[in-house]
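Below is start-v4.txt, holding compact mmCIF, C-alpha atoms.
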# COMPACT_ATOMS: atom_id res chain seq x y z
CA MET A 9 -163.03 -35.25 19.61
CA GLU A 10 -159.59 -36.22 18.30
CA HIS A 11 -156.81 -34.67 20.41
CA ILE A 12 -153.63 -33.49 18.66
CA VAL A 13 -150.72 -32.80 21.00
CA ILE A 14 -147.70 -30.87 19.73
CA ILE A 15 -144.50 -30.78 21.80
CA GLY A 16 -142.62 -27.60 20.91
CA ASN A 17 -143.91 -24.13 20.06
CA GLY A 18 -141.33 -23.05 17.50
CA ILE A 19 -142.09 -22.34 13.86
CA SER A 20 -142.70 -26.03 13.04
CA GLY A 21 -145.11 -26.80 15.88
CA VAL A 22 -147.05 -23.56 15.62
CA THR A 23 -147.39 -23.83 11.84
CA ALA A 24 -148.74 -27.36 12.25
CA ALA A 25 -151.26 -26.15 14.85
CA ARG A 26 -152.43 -23.23 12.71
CA HIS A 27 -152.96 -25.37 9.62
CA ILE A 28 -154.69 -28.15 11.54
CA ARG A 29 -157.07 -25.53 12.92
CA LYS A 30 -157.68 -24.09 9.45
CA ASN A 31 -158.72 -27.51 8.19
CA SER A 32 -160.44 -29.11 11.18
CA ASP A 33 -162.17 -28.78 14.55
CA LYS A 34 -159.76 -31.14 16.30
CA LYS A 35 -158.65 -30.39 19.86
CA ILE A 36 -155.09 -28.99 19.77
CA THR A 37 -152.63 -28.65 22.65
CA ILE A 38 -149.12 -27.19 22.34
CA ILE A 39 -146.63 -27.95 25.12
CA SER A 40 -143.47 -25.89 25.62
CA SER A 41 -141.01 -25.38 28.46
CA GLU A 42 -139.30 -22.40 26.82
CA THR A 43 -142.03 -19.77 26.57
CA LYS A 44 -145.80 -19.77 26.68
CA TYR A 45 -146.20 -17.88 23.42
CA PHE A 46 -144.57 -18.41 20.04
CA PHE A 47 -141.84 -15.96 19.05
CA SER A 48 -139.50 -15.54 16.09
CA ARG A 49 -136.25 -17.18 17.17
CA THR A 50 -134.24 -15.50 14.41
CA ALA A 51 -135.11 -12.09 15.90
CA LEU A 52 -133.52 -12.71 19.32
CA MET A 53 -130.29 -11.01 18.27
CA TYR A 54 -132.17 -7.80 17.46
CA VAL A 55 -133.72 -7.73 20.93
CA PHE A 56 -130.24 -7.82 22.48
CA MET A 57 -129.02 -5.14 20.08
CA GLY A 58 -131.90 -2.84 21.06
CA HIS A 59 -133.62 -2.81 17.67
CA MET A 60 -136.85 -4.22 19.10
CA LYS A 61 -138.46 -5.46 22.30
CA PHE A 62 -139.12 -9.14 22.92
CA GLU A 63 -142.88 -8.67 22.50
CA HIS A 64 -142.20 -7.42 18.97
CA THR A 65 -140.90 -10.90 18.08
CA GLN A 66 -144.32 -12.44 18.75
CA PRO A 67 -146.31 -12.54 15.48
CA TYR A 68 -149.63 -13.22 17.21
CA GLU A 69 -151.41 -11.36 19.98
CA ASN A 70 -151.87 -13.34 23.19
CA TRP A 71 -155.61 -13.62 22.56
CA PHE A 72 -154.99 -15.39 19.23
CA TRP A 73 -154.55 -18.82 20.80
CA LYS A 74 -157.77 -18.86 22.80
CA LYS A 75 -159.75 -17.42 19.90
CA ASN A 76 -158.47 -20.20 17.64
CA ARG A 77 -159.00 -22.87 20.30
CA ILE A 78 -155.34 -23.81 20.57
CA ASP A 79 -154.53 -24.73 24.17
CA LEU A 80 -151.09 -23.78 25.47
CA LYS A 81 -149.45 -25.78 28.25
CA GLU A 82 -146.19 -24.74 29.89
CA GLY A 83 -144.19 -27.78 30.90
CA PHE A 84 -141.19 -29.99 30.28
CA VAL A 85 -142.03 -33.40 28.83
CA THR A 86 -140.10 -36.21 30.53
CA THR A 87 -141.61 -39.41 29.07
CA ILE A 88 -143.85 -40.55 26.25
CA ASP A 89 -145.75 -43.85 26.37
CA THR A 90 -146.64 -44.55 22.75
CA ASP A 91 -148.62 -47.69 23.64
CA ALA A 92 -150.88 -45.86 26.08
CA LYS A 93 -150.69 -42.66 24.01
CA SER A 94 -149.83 -40.59 27.06
CA ILE A 95 -147.31 -37.90 27.96
CA SER A 96 -145.81 -37.15 31.38
CA CYS A 97 -144.31 -33.80 32.41
CA ALA A 98 -141.74 -32.83 35.02
CA ASP A 99 -144.40 -31.16 37.18
CA GLY A 100 -146.21 -34.49 37.58
CA SER A 101 -149.00 -33.71 35.14
CA SER A 102 -149.93 -35.93 32.23
CA LEU A 103 -152.21 -35.88 29.22
CA SER A 104 -153.33 -38.29 26.54
CA TYR A 105 -153.25 -37.83 22.79
CA ASP A 106 -154.74 -39.35 19.66
CA LYS A 107 -151.95 -38.02 17.44
CA LEU A 108 -148.62 -36.61 18.58
CA ILE A 109 -146.31 -34.20 16.77
CA LEU A 110 -142.74 -33.84 18.02
CA ALA A 111 -141.34 -30.41 17.18
CA THR A 112 -138.74 -30.06 19.93
CA GLY A 113 -136.09 -28.23 17.90
CA SER A 114 -132.37 -28.17 18.60
CA LYS A 115 -129.86 -27.51 21.36
CA PRO A 116 -126.28 -26.17 21.15
CA ASN A 117 -123.60 -28.80 20.68
CA LYS A 118 -121.24 -29.61 23.54
CA PHE A 119 -118.26 -31.89 23.05
CA GLY A 120 -117.24 -32.71 26.57
CA TRP A 121 -114.97 -29.70 27.05
CA PRO A 122 -113.81 -29.27 30.66
CA GLY A 123 -115.77 -26.35 32.11
CA GLN A 124 -118.50 -26.38 29.47
CA ASP A 125 -121.24 -26.15 32.13
CA LEU A 126 -119.75 -23.28 34.12
CA ASP A 127 -121.69 -20.12 34.87
CA GLY A 128 -120.93 -17.83 31.94
CA VAL A 129 -121.07 -20.52 29.25
CA LEU A 130 -124.11 -20.46 26.97
CA GLY A 131 -125.39 -21.09 23.47
CA MET A 132 -127.55 -18.62 21.59
CA TYR A 133 -130.64 -20.55 20.61
CA HIS A 134 -133.27 -20.20 23.35
CA LYS A 135 -134.97 -17.24 25.01
CA GLN A 136 -133.44 -18.25 28.35
CA GLU A 137 -129.99 -17.90 26.78
CA LEU A 138 -130.86 -14.37 25.64
CA GLU A 139 -131.89 -13.54 29.20
CA LYS A 140 -128.67 -15.03 30.56
CA LEU A 141 -126.58 -13.05 28.07
CA GLU A 142 -128.34 -9.85 29.17
CA GLU A 143 -127.24 -10.65 32.72
CA LEU A 144 -123.67 -11.62 31.82
CA ALA A 145 -122.94 -8.97 29.20
CA PRO A 146 -124.93 -5.81 29.88
CA ASN A 147 -121.92 -3.69 28.90
CA ASN A 148 -118.15 -3.82 28.43
CA SER A 149 -117.49 -2.99 32.07
CA VAL A 150 -119.15 -6.16 33.34
CA CYS A 151 -118.02 -8.28 30.39
CA LYS A 152 -114.50 -7.29 29.43
CA ARG A 153 -114.13 -10.01 26.77
CA ALA A 154 -116.22 -12.81 25.28
CA VAL A 155 -114.96 -15.90 23.47
CA ILE A 156 -117.07 -17.56 20.78
CA VAL A 157 -116.32 -21.21 20.03
CA GLY A 158 -117.33 -22.37 16.55
CA GLY A 159 -117.84 -20.59 13.25
CA GLY A 160 -121.04 -20.48 11.24
CA LEU A 161 -124.19 -18.41 11.21
CA ILE A 162 -125.05 -18.48 14.93
CA GLY A 163 -121.46 -17.63 15.84
CA ILE A 164 -121.33 -14.60 13.59
CA GLU A 165 -124.70 -13.41 14.92
CA LEU A 166 -123.47 -13.68 18.50
CA ALA A 167 -120.33 -11.74 17.57
CA GLU A 168 -122.44 -8.95 16.09
CA MET A 169 -124.61 -8.86 19.21
CA LEU A 170 -121.60 -8.46 21.50
CA LEU A 171 -120.00 -5.86 19.23
CA SER A 172 -123.17 -3.77 19.50
CA ARG A 173 -122.23 -3.27 23.19
CA ASN A 174 -118.54 -2.68 22.45
CA ILE A 175 -117.55 -5.97 24.05
CA PRO A 176 -114.25 -7.34 22.67
CA VAL A 177 -114.66 -10.74 21.00
CA THR A 178 -112.26 -13.59 20.35
CA PHE A 179 -113.57 -16.07 17.78
CA LEU A 180 -112.20 -19.63 17.79
CA VAL A 181 -112.77 -21.39 14.46
CA ARG A 182 -111.39 -24.90 14.01
CA GLU A 183 -111.33 -24.63 10.19
CA SER A 184 -108.46 -22.99 8.33
CA SER A 185 -110.88 -20.39 6.94
CA PHE A 186 -114.31 -19.27 8.12
CA TRP A 187 -117.11 -21.72 7.17
CA ASN A 188 -114.97 -23.21 4.41
CA GLY A 189 -116.77 -26.52 4.69
CA VAL A 190 -119.78 -24.71 3.19
CA LEU A 191 -118.42 -21.73 1.26
CA PRO A 192 -116.03 -21.70 -1.70
CA GLU A 193 -112.61 -20.31 -0.88
CA GLN A 194 -113.04 -16.78 -2.31
CA GLU A 195 -116.14 -16.24 -0.19
CA SER A 196 -114.68 -17.75 2.95
CA GLN A 197 -111.56 -15.57 2.64
CA MET A 198 -113.70 -12.48 2.11
CA ILE A 199 -115.61 -13.22 5.32
CA ASN A 200 -112.29 -13.70 7.17
CA GLU A 201 -111.28 -10.19 6.11
CA HIS A 202 -114.66 -8.74 6.98
CA ILE A 203 -114.62 -10.23 10.49
CA ARG A 204 -111.15 -8.83 11.16
CA GLU A 205 -112.13 -5.41 9.79
CA HIS A 206 -114.71 -5.32 12.61
CA HIS A 207 -111.85 -5.75 15.11
CA ILE A 208 -112.84 -9.28 16.05
CA ASP A 209 -109.91 -11.43 17.19
CA LEU A 210 -110.40 -14.27 14.69
CA ARG A 211 -108.37 -17.38 15.51
CA LEU A 212 -108.46 -19.86 12.64
CA SER A 213 -107.36 -23.51 12.99
CA SER A 214 -108.00 -23.12 16.71
CA ASN A 215 -109.84 -25.54 18.99
CA LEU A 216 -111.04 -25.11 22.54
CA LYS A 217 -109.11 -27.19 25.07
CA GLU A 218 -110.86 -26.15 28.28
CA ILE A 219 -112.80 -23.42 30.04
CA LYS A 220 -111.32 -22.37 33.36
CA SER A 221 -113.25 -21.35 36.46
CA ASP A 222 -112.71 -18.73 39.12
CA GLU A 223 -113.26 -19.45 42.82
CA HIS A 224 -117.01 -18.80 42.44
CA GLY A 225 -117.61 -21.31 39.64
CA LYS A 226 -117.74 -18.65 36.97
CA VAL A 227 -115.83 -18.48 33.70
CA LYS A 228 -112.47 -16.74 34.00
CA SER A 229 -110.63 -17.87 30.83
CA ILE A 230 -110.32 -20.38 28.00
CA VAL A 231 -107.30 -22.34 26.79
CA ILE A 232 -106.58 -22.92 23.10
CA GLN A 233 -105.69 -26.53 22.36
CA GLU A 234 -103.08 -25.96 19.65
CA THR A 235 -100.98 -23.31 21.43
CA GLY A 236 -101.89 -23.59 25.10
CA GLU A 237 -102.62 -19.85 25.13
CA GLU A 238 -104.95 -18.78 27.92
CA ILE A 239 -107.39 -15.96 27.10
CA PRO A 240 -109.16 -14.20 30.00
CA CYS A 241 -112.91 -13.79 29.40
CA ASP A 242 -116.24 -13.41 31.19
CA VAL A 243 -118.53 -15.12 28.67
CA VAL A 244 -118.06 -18.17 26.44
CA GLY A 245 -120.53 -18.67 23.58
CA LEU A 246 -120.78 -22.23 22.29
CA THR A 247 -121.82 -21.99 18.64
CA ALA A 248 -120.26 -25.14 17.21
CA GLY A 249 -123.51 -26.18 15.60
CA VAL A 250 -126.71 -27.61 17.05
CA SER A 251 -128.15 -31.09 17.45
CA PRO A 252 -131.73 -32.38 17.78
CA ASN A 253 -133.29 -31.92 21.22
CA ILE A 254 -134.33 -35.53 21.78
CA ASP A 255 -132.70 -36.69 25.03
CA PHE A 256 -136.11 -37.14 26.67
CA LEU A 257 -136.97 -39.89 24.13
CA LYS A 258 -134.30 -42.36 25.29
CA ALA A 259 -136.79 -44.46 27.26
CA SER A 260 -139.48 -44.38 24.56
CA ASN A 261 -140.19 -46.71 21.64
CA ILE A 262 -139.59 -43.92 19.14
CA LYS A 263 -136.58 -44.71 16.95
CA THR A 264 -133.85 -42.12 16.74
CA GLY A 265 -130.53 -41.65 14.97
CA ARG A 266 -129.03 -38.21 15.31
CA GLY A 267 -132.64 -37.03 15.23
CA ILE A 268 -136.09 -38.62 15.29
CA LEU A 269 -136.25 -40.91 12.28
CA VAL A 270 -139.13 -40.18 9.90
CA ASN A 271 -140.29 -41.28 6.46
CA GLU A 272 -141.36 -39.03 3.59
CA PHE A 273 -144.68 -38.38 5.35
CA LEU A 274 -142.87 -37.29 8.53
CA GLU A 275 -144.14 -40.40 10.33
CA THR A 276 -142.03 -42.08 13.01
CA ASN A 277 -141.94 -45.84 13.60
CA CYS A 278 -144.77 -45.45 16.17
CA LYS A 279 -148.35 -45.18 14.99
CA ASP A 280 -149.82 -41.67 15.12
CA VAL A 281 -146.49 -40.08 16.10
CA TYR A 282 -144.84 -37.56 13.76
CA ALA A 283 -141.67 -35.45 13.94
CA ILE A 284 -141.02 -32.13 12.21
CA GLY A 285 -138.45 -29.35 12.14
CA ASP A 286 -134.92 -29.45 13.53
CA CYS A 287 -135.49 -32.63 15.53
CA ALA A 288 -136.61 -34.74 12.52
CA GLU A 289 -134.16 -36.89 10.56
CA GLN A 290 -135.14 -38.28 7.16
CA HIS A 291 -134.56 -42.03 6.77
CA LYS A 292 -133.57 -41.26 3.21
CA ALA A 293 -132.12 -37.87 2.37
CA ILE A 294 -134.18 -35.88 -0.13
CA GLY A 295 -131.93 -35.26 -3.12
CA LEU A 296 -128.73 -33.55 -1.99
CA ARG A 297 -130.32 -32.20 1.18
CA ARG A 298 -129.01 -33.21 4.58
CA PRO A 299 -131.17 -35.67 6.56
CA ILE A 300 -131.51 -33.02 9.30
CA GLU A 301 -132.03 -29.37 8.37
CA ALA A 302 -132.04 -26.74 11.12
CA VAL A 303 -133.53 -24.06 8.87
CA TRP A 304 -136.54 -21.86 9.60
CA TYR A 305 -138.37 -22.28 6.30
CA THR A 306 -138.07 -26.07 6.17
CA GLY A 307 -139.57 -26.23 9.66
CA ARG A 308 -142.51 -24.17 8.44
CA MET A 309 -142.95 -26.39 5.39
CA MET A 310 -142.90 -29.53 7.54
CA GLY A 311 -145.58 -28.02 9.77
CA GLU A 312 -147.81 -27.34 6.77
CA THR A 313 -147.18 -30.84 5.40
CA VAL A 314 -147.94 -32.79 8.56
CA ALA A 315 -151.11 -30.76 9.08
CA GLN A 316 -152.38 -31.94 5.71
CA THR A 317 -151.76 -35.57 6.64
CA ILE A 318 -153.39 -35.27 10.06
CA CYS A 319 -156.43 -33.65 8.45
CA GLY A 320 -156.93 -36.60 6.08
CA ASN A 321 -154.92 -35.52 3.05
CA LYS A 322 -151.78 -37.65 3.35
CA THR A 323 -148.99 -35.56 1.93
CA ALA A 324 -145.29 -36.23 1.38
CA TYR A 325 -142.77 -33.63 2.46
CA LYS A 326 -141.26 -31.98 -0.63
CA PRO A 327 -139.01 -29.07 0.31
CA GLY A 328 -138.14 -28.12 -3.28
CA HIS A 329 -134.91 -26.41 -4.22
CA TRP A 330 -132.47 -25.51 -1.47
CA PHE A 331 -132.19 -21.86 -0.55
CA ASN A 332 -131.08 -19.86 2.45
CA SER A 333 -130.16 -16.32 3.45
CA ALA A 334 -128.22 -14.75 6.29
CA LYS A 335 -125.98 -11.85 7.24
CA PHE A 336 -122.28 -11.85 7.95
CA LEU A 337 -122.15 -8.61 9.93
CA ASP A 338 -122.76 -6.02 7.14
CA ILE A 339 -122.76 -8.48 4.23
CA GLU A 340 -126.02 -10.03 3.07
CA TYR A 341 -125.74 -13.63 1.87
CA GLN A 342 -128.12 -15.64 -0.30
CA THR A 343 -127.82 -19.11 -1.80
CA TYR A 344 -130.08 -20.89 -4.29
CA GLY A 345 -129.58 -24.44 -5.48
CA TRP A 346 -126.25 -26.11 -4.69
CA VAL A 347 -122.86 -24.47 -4.48
CA PHE A 348 -120.42 -26.67 -2.59
CA SER A 349 -117.07 -25.76 -1.10
CA GLU A 350 -113.96 -26.91 -2.95
CA ARG A 351 -113.50 -29.94 -0.72
CA ASN A 352 -117.11 -31.06 -1.25
CA LYS A 353 -117.51 -30.29 -4.98
CA ARG A 354 -119.26 -32.88 -7.11
CA GLU A 355 -117.39 -34.63 -9.90
CA ASN A 356 -118.76 -32.52 -12.77
CA GLU A 357 -119.25 -29.28 -10.82
CA SER A 358 -117.49 -26.15 -12.01
CA TYR A 359 -117.53 -22.57 -10.73
CA PHE A 360 -117.76 -19.16 -12.24
CA GLN A 361 -116.72 -16.54 -9.70
CA TRP A 362 -116.76 -12.77 -9.67
CA HIS A 363 -115.41 -10.59 -6.87
CA HIS A 364 -115.56 -6.80 -6.81
CA ALA A 365 -112.11 -5.21 -6.81
CA SER A 366 -112.66 -3.05 -3.73
CA GLU A 367 -116.04 -3.79 -2.14
CA LYS A 368 -117.30 -6.85 -0.27
CA LEU A 369 -119.38 -8.07 -3.20
CA CYS A 370 -119.06 -11.43 -4.92
CA ILE A 371 -120.97 -14.26 -6.55
CA THR A 372 -120.22 -17.90 -7.24
CA VAL A 373 -122.24 -19.68 -9.92
CA SER A 374 -122.13 -23.46 -9.95
CA TYR A 375 -122.79 -25.45 -13.13
CA ASP A 376 -122.17 -28.82 -14.73
CA LYS A 377 -118.97 -28.51 -16.77
CA ASN A 378 -120.18 -31.06 -19.34
CA SER A 379 -123.82 -30.10 -19.91
CA ARG A 380 -123.51 -26.48 -18.67
CA LEU A 381 -126.63 -27.04 -16.56
CA PHE A 382 -127.06 -24.33 -13.94
CA LEU A 383 -126.75 -25.86 -10.44
CA GLY A 384 -126.80 -22.96 -8.02
CA ILE A 385 -125.57 -19.52 -6.99
CA ASN A 386 -124.13 -17.81 -3.90
CA THR A 387 -124.40 -14.05 -3.70
CA PHE A 388 -122.75 -11.72 -1.18
CA GLY A 389 -123.83 -8.08 -1.08
CA ILE A 390 -126.13 -8.35 -4.12
CA ARG A 391 -129.77 -9.23 -3.52
CA MET A 392 -131.40 -11.73 -5.86
CA ARG A 393 -134.99 -12.84 -6.43
CA HIS A 394 -135.82 -16.21 -4.91
CA GLU A 395 -138.72 -16.90 -7.28
CA ILE A 396 -136.52 -16.36 -10.35
CA PHE A 397 -133.82 -18.81 -9.29
CA ASP A 398 -136.41 -21.30 -8.08
CA ARG A 399 -137.97 -21.22 -11.56
CA TRP A 400 -134.63 -21.51 -13.36
CA LEU A 401 -133.64 -24.51 -11.24
CA THR A 402 -136.98 -26.18 -11.99
CA GLU A 403 -136.69 -25.45 -15.71
CA LYS A 404 -133.07 -26.68 -15.72
CA VAL A 405 -131.69 -23.74 -17.66
CA SER A 406 -128.05 -23.40 -18.68
CA VAL A 407 -125.44 -21.25 -16.98
CA ASP A 408 -125.32 -19.17 -20.19
CA PHE A 409 -129.05 -18.46 -19.87
CA VAL A 410 -128.53 -17.34 -16.27
CA MET A 411 -125.78 -14.95 -17.30
CA GLU A 412 -127.86 -13.51 -20.14
CA HIS A 413 -130.86 -12.86 -17.87
CA LEU A 414 -129.02 -12.06 -14.64
CA ALA A 415 -130.52 -8.56 -14.52
CA ASP A 416 -134.00 -10.06 -14.12
CA ALA A 417 -132.90 -11.77 -10.92
CA ASN A 418 -131.47 -8.63 -9.30
CA PHE A 419 -133.54 -7.43 -6.36
CA ASP A 420 -131.44 -4.53 -5.08
CA PRO A 421 -133.40 -1.32 -4.36
CA GLU A 422 -133.85 1.32 -7.05
CA PHE A 423 -130.81 3.52 -7.69
CA TYR A 424 -128.41 0.89 -6.34
CA ARG A 425 -125.47 0.30 -8.60
CA THR A 426 -125.75 -2.88 -10.66
CA TYR A 427 -122.91 -5.15 -11.71
CA GLU A 428 -124.37 -7.49 -14.34
CA LYS A 429 -122.26 -6.08 -17.18
CA GLU A 430 -119.04 -6.49 -15.21
CA ILE A 431 -120.02 -10.01 -14.16
CA VAL A 432 -120.90 -11.14 -17.68
CA LEU A 433 -117.80 -9.50 -19.16
CA LYS A 434 -115.64 -11.65 -16.86
CA PHE A 435 -117.75 -14.73 -17.72
CA ASN A 436 -117.23 -14.09 -21.46
CA GLU A 437 -113.49 -13.68 -20.98
CA GLU A 438 -113.20 -16.96 -19.08
CA HIS A 439 -115.54 -19.00 -21.29
CA ALA A 440 -114.86 -17.55 -24.76
CA THR A 441 -118.54 -16.65 -25.09
CA ASN A 442 -120.24 -13.51 -26.35
CA ILE A 443 -123.26 -13.28 -24.06
CA LYS A 444 -125.10 -9.97 -24.05
CA VAL A 445 -126.84 -8.86 -20.86
CA LYS A 446 -130.56 -8.40 -21.45
CA LYS A 447 -132.09 -5.42 -19.74
CA LYS A 448 -134.43 -6.18 -16.88
CA SER A 449 -137.88 -7.05 -18.18
CA TRP A 450 -140.83 -7.08 -15.77
CA LYS A 451 -142.76 -9.06 -18.35
CA ARG A 452 -140.13 -11.80 -18.26
CA ILE A 453 -139.83 -11.73 -14.47
CA PHE A 454 -143.52 -12.45 -13.96
CA SER A 455 -144.15 -14.55 -17.04
CA THR A 456 -144.85 -18.26 -16.61
CA ASN A 457 -143.28 -18.85 -20.02
CA TYR A 458 -139.88 -17.24 -19.62

Could you express the structure from this file as structure tokens?
Amino acid sequence: MEHIVIIGNGISGVTAARHIRKNSDKKITIISSETKYFFSRTALMYVFMGHMKFEHTQPYENWFWKKNRIDLKEGFVTTIDTDAKSISCADGSSLSYDKLILATGSKPNKFGWPGQDLDGVLGMYHKQELEKLEELAPNNSVCKRAVIVGGGLIGIELAEMLLSRNIPVTFLVRESSFWNGVLPEQESQMINEHIREHHIDLRLSSNLKEIKSDEHGKVKSIVIQETGEEIPCDVVGLTAGVSPNIDFLKASNIKTGRGILVNEFLETNCKDVYAIGDCAEQHKAIGLRRPIEAVWYTGRMMGETVAQTICGNKTAYKPGHWFNSAKFLDIEYQTYGWVFSERNKRENESYFQWHHASEKLCITVSYDKNSRLFLGINTFGIRMRHEIFDRWLTEKVSVDFVMEHLADANFDPEFYRTYEKEIVLKFNEEHATNIKVKKKSWKRIFSTNY
């Protein structure tokens, strides 16, 4: 019986295993050194905040794996021999495979900062880091201040976690405005304000110089590079991005760049070896997407895709239109298509922006200034329907069409205030148009012929 070995039990590896089992009777083994059972990584913050227990993050009961004949092995893989098709683990055990799927995920970035490996320094990506944070920051008596190094989504989540226990937070962000390499200026500035309104000590244009130790090898303070200011703290969170977890492949024949290099079928340079999820790097970027995408839903899609190939239906990875969602403390964020920051805007890209006068609500619509083709939208504080924007991007509608039918895309709960008329009024004023907002039509929303 063909043996499929999957290294990594995150969303990518587990999705691959589930879909291989749906379509075949192959022997499947998942190896992980993090946890025995799959859990939802994005829910770790809510465990720390007391909204759920860790077991609530596990979508499948423990009996699920045995019932579906998916073997789970706890272990840390040290070497892979692709010629012999064998894997060795740190505990001295080994196993052979017929096909191998690498789904080893990411690890927090470190940039050689003095003190970066001290007790009290951690990322916020793995379950072990959650456990360490529970030990280091049970309350604001034990942890009198935490410093977070690096803006972005993981950093803001860690800040929210610490705030839930009334732990003061200093946030070092090297950019001049929060996440302004991704967000347009109006949105980035709004998030700056929102962070400060939550009494977070936001330090923009600030880099970490070093982390200082006490006499016991524990964190006692950090030093800011630009000013030399020393800030006492008990915990340092490193959230300056993540990178593929591939150090164990250095002695193998598997080619790597920043990640494990794969083609459109998620195949590596070695026969019968595939890579999926955060650790995979596309030889050729797909459209405007980055070669490496550390995003939950793309990991799931890669798992589904590679399962098809392994089960005899060779399938190319096609992630479709870019989308993502997150929270910046109390503000919900969604993005569909492509909306670049000012410094990364494409040659013909233009913005339409609306910002509520008093509330933390705004949108940015990106479109081609020549053809008026709709390119993408960012929304903050207003929920939109993914399926609607996915359809409009596929159908290549105009920005004027989007404005006219914006009500159909709104997904806020019933009785929430809507803002389409205000948004379109501003659009008309700026573009000398006379677009009328169509009332929401359920027939249009679910029609295949919009």

Write out as a tab-separated table the residues of segment 33-82 of chain A that have any atom within 12 Å of an atom of segment 105-113 of chain A, one row each with the nearest atom pair and its distance in Å to one decimal, counting all atoms listed in the file, sorted by chain and then rising number.
residue	atom	partner	partner_atom	distance
A:Lys34	CA	A:Asp106	CA	10.2
A:Lys35	CA	A:Tyr105	CA	9.6
A:Ile36	CA	A:Tyr105	CA	9.5
A:Thr37	CA	A:Tyr105	CA	9.2
A:Ile38	CA	A:Ile109	CA	9.4
A:Ile39	CA	A:Thr112	CA	9.7
A:Ser40	CA	A:Thr112	CA	8.5
A:Ser41	CA	A:Thr112	CA	10.0
A:Glu42	CA	A:Thr112	CA	10.3
A:Arg49	CA	A:Gly113	CA	11.1

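For Leu141 of chain A, the list of residues within 9 Å, based on all atoms listed in the file and with local chain neighbours fewer than 3 positions off taken out, reads A:Phe56, A:Gly128, A:Leu130, A:Met132, A:Gln136, A:Glu137, A:Leu138, A:Leu144, A:Ala145, A:Pro146, A:Val243.
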
Listed atoms of segment 179-182 of chain A, axis-aligned box, 5 Å per side: centre and edge lengths to one decimal in Å, as AutoDock Vina command-line options?
--center_x -112.5 --center_y -20.5 --center_z 15.9 --size_x 12.2 --size_y 18.8 --size_z 13.8

(request) Using only C-alpha atoms, find the one residue out of A:Val155, A:Ile300, A:Ile162, A:Ile199 that sits nearest to Leu180 of chain A. (result)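 Answer, going by the shortest atom-to-atom distance: A:Val155.
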
(message) Given only C-alpha atoms as the basis, pick out the residue of A:Ile208, A:Asn200, A:Asn436, A:Ser213 nearest to Ser184 of chain A.
(response) A:Ser213

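Coordinates place atom CA of Tyr325 of chain A at a distance of 24.5 Å from atom CA of Gly249 of chain A.
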
(request) Just give me the gap between atom CA of Asp420 of chain A and atom CA of Thr343 of chain A in Å, one decimal is fine. (result)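 Separation between atom CA of Asp420 of chain A and atom CA of Thr343 of chain A: 15.4 Å.
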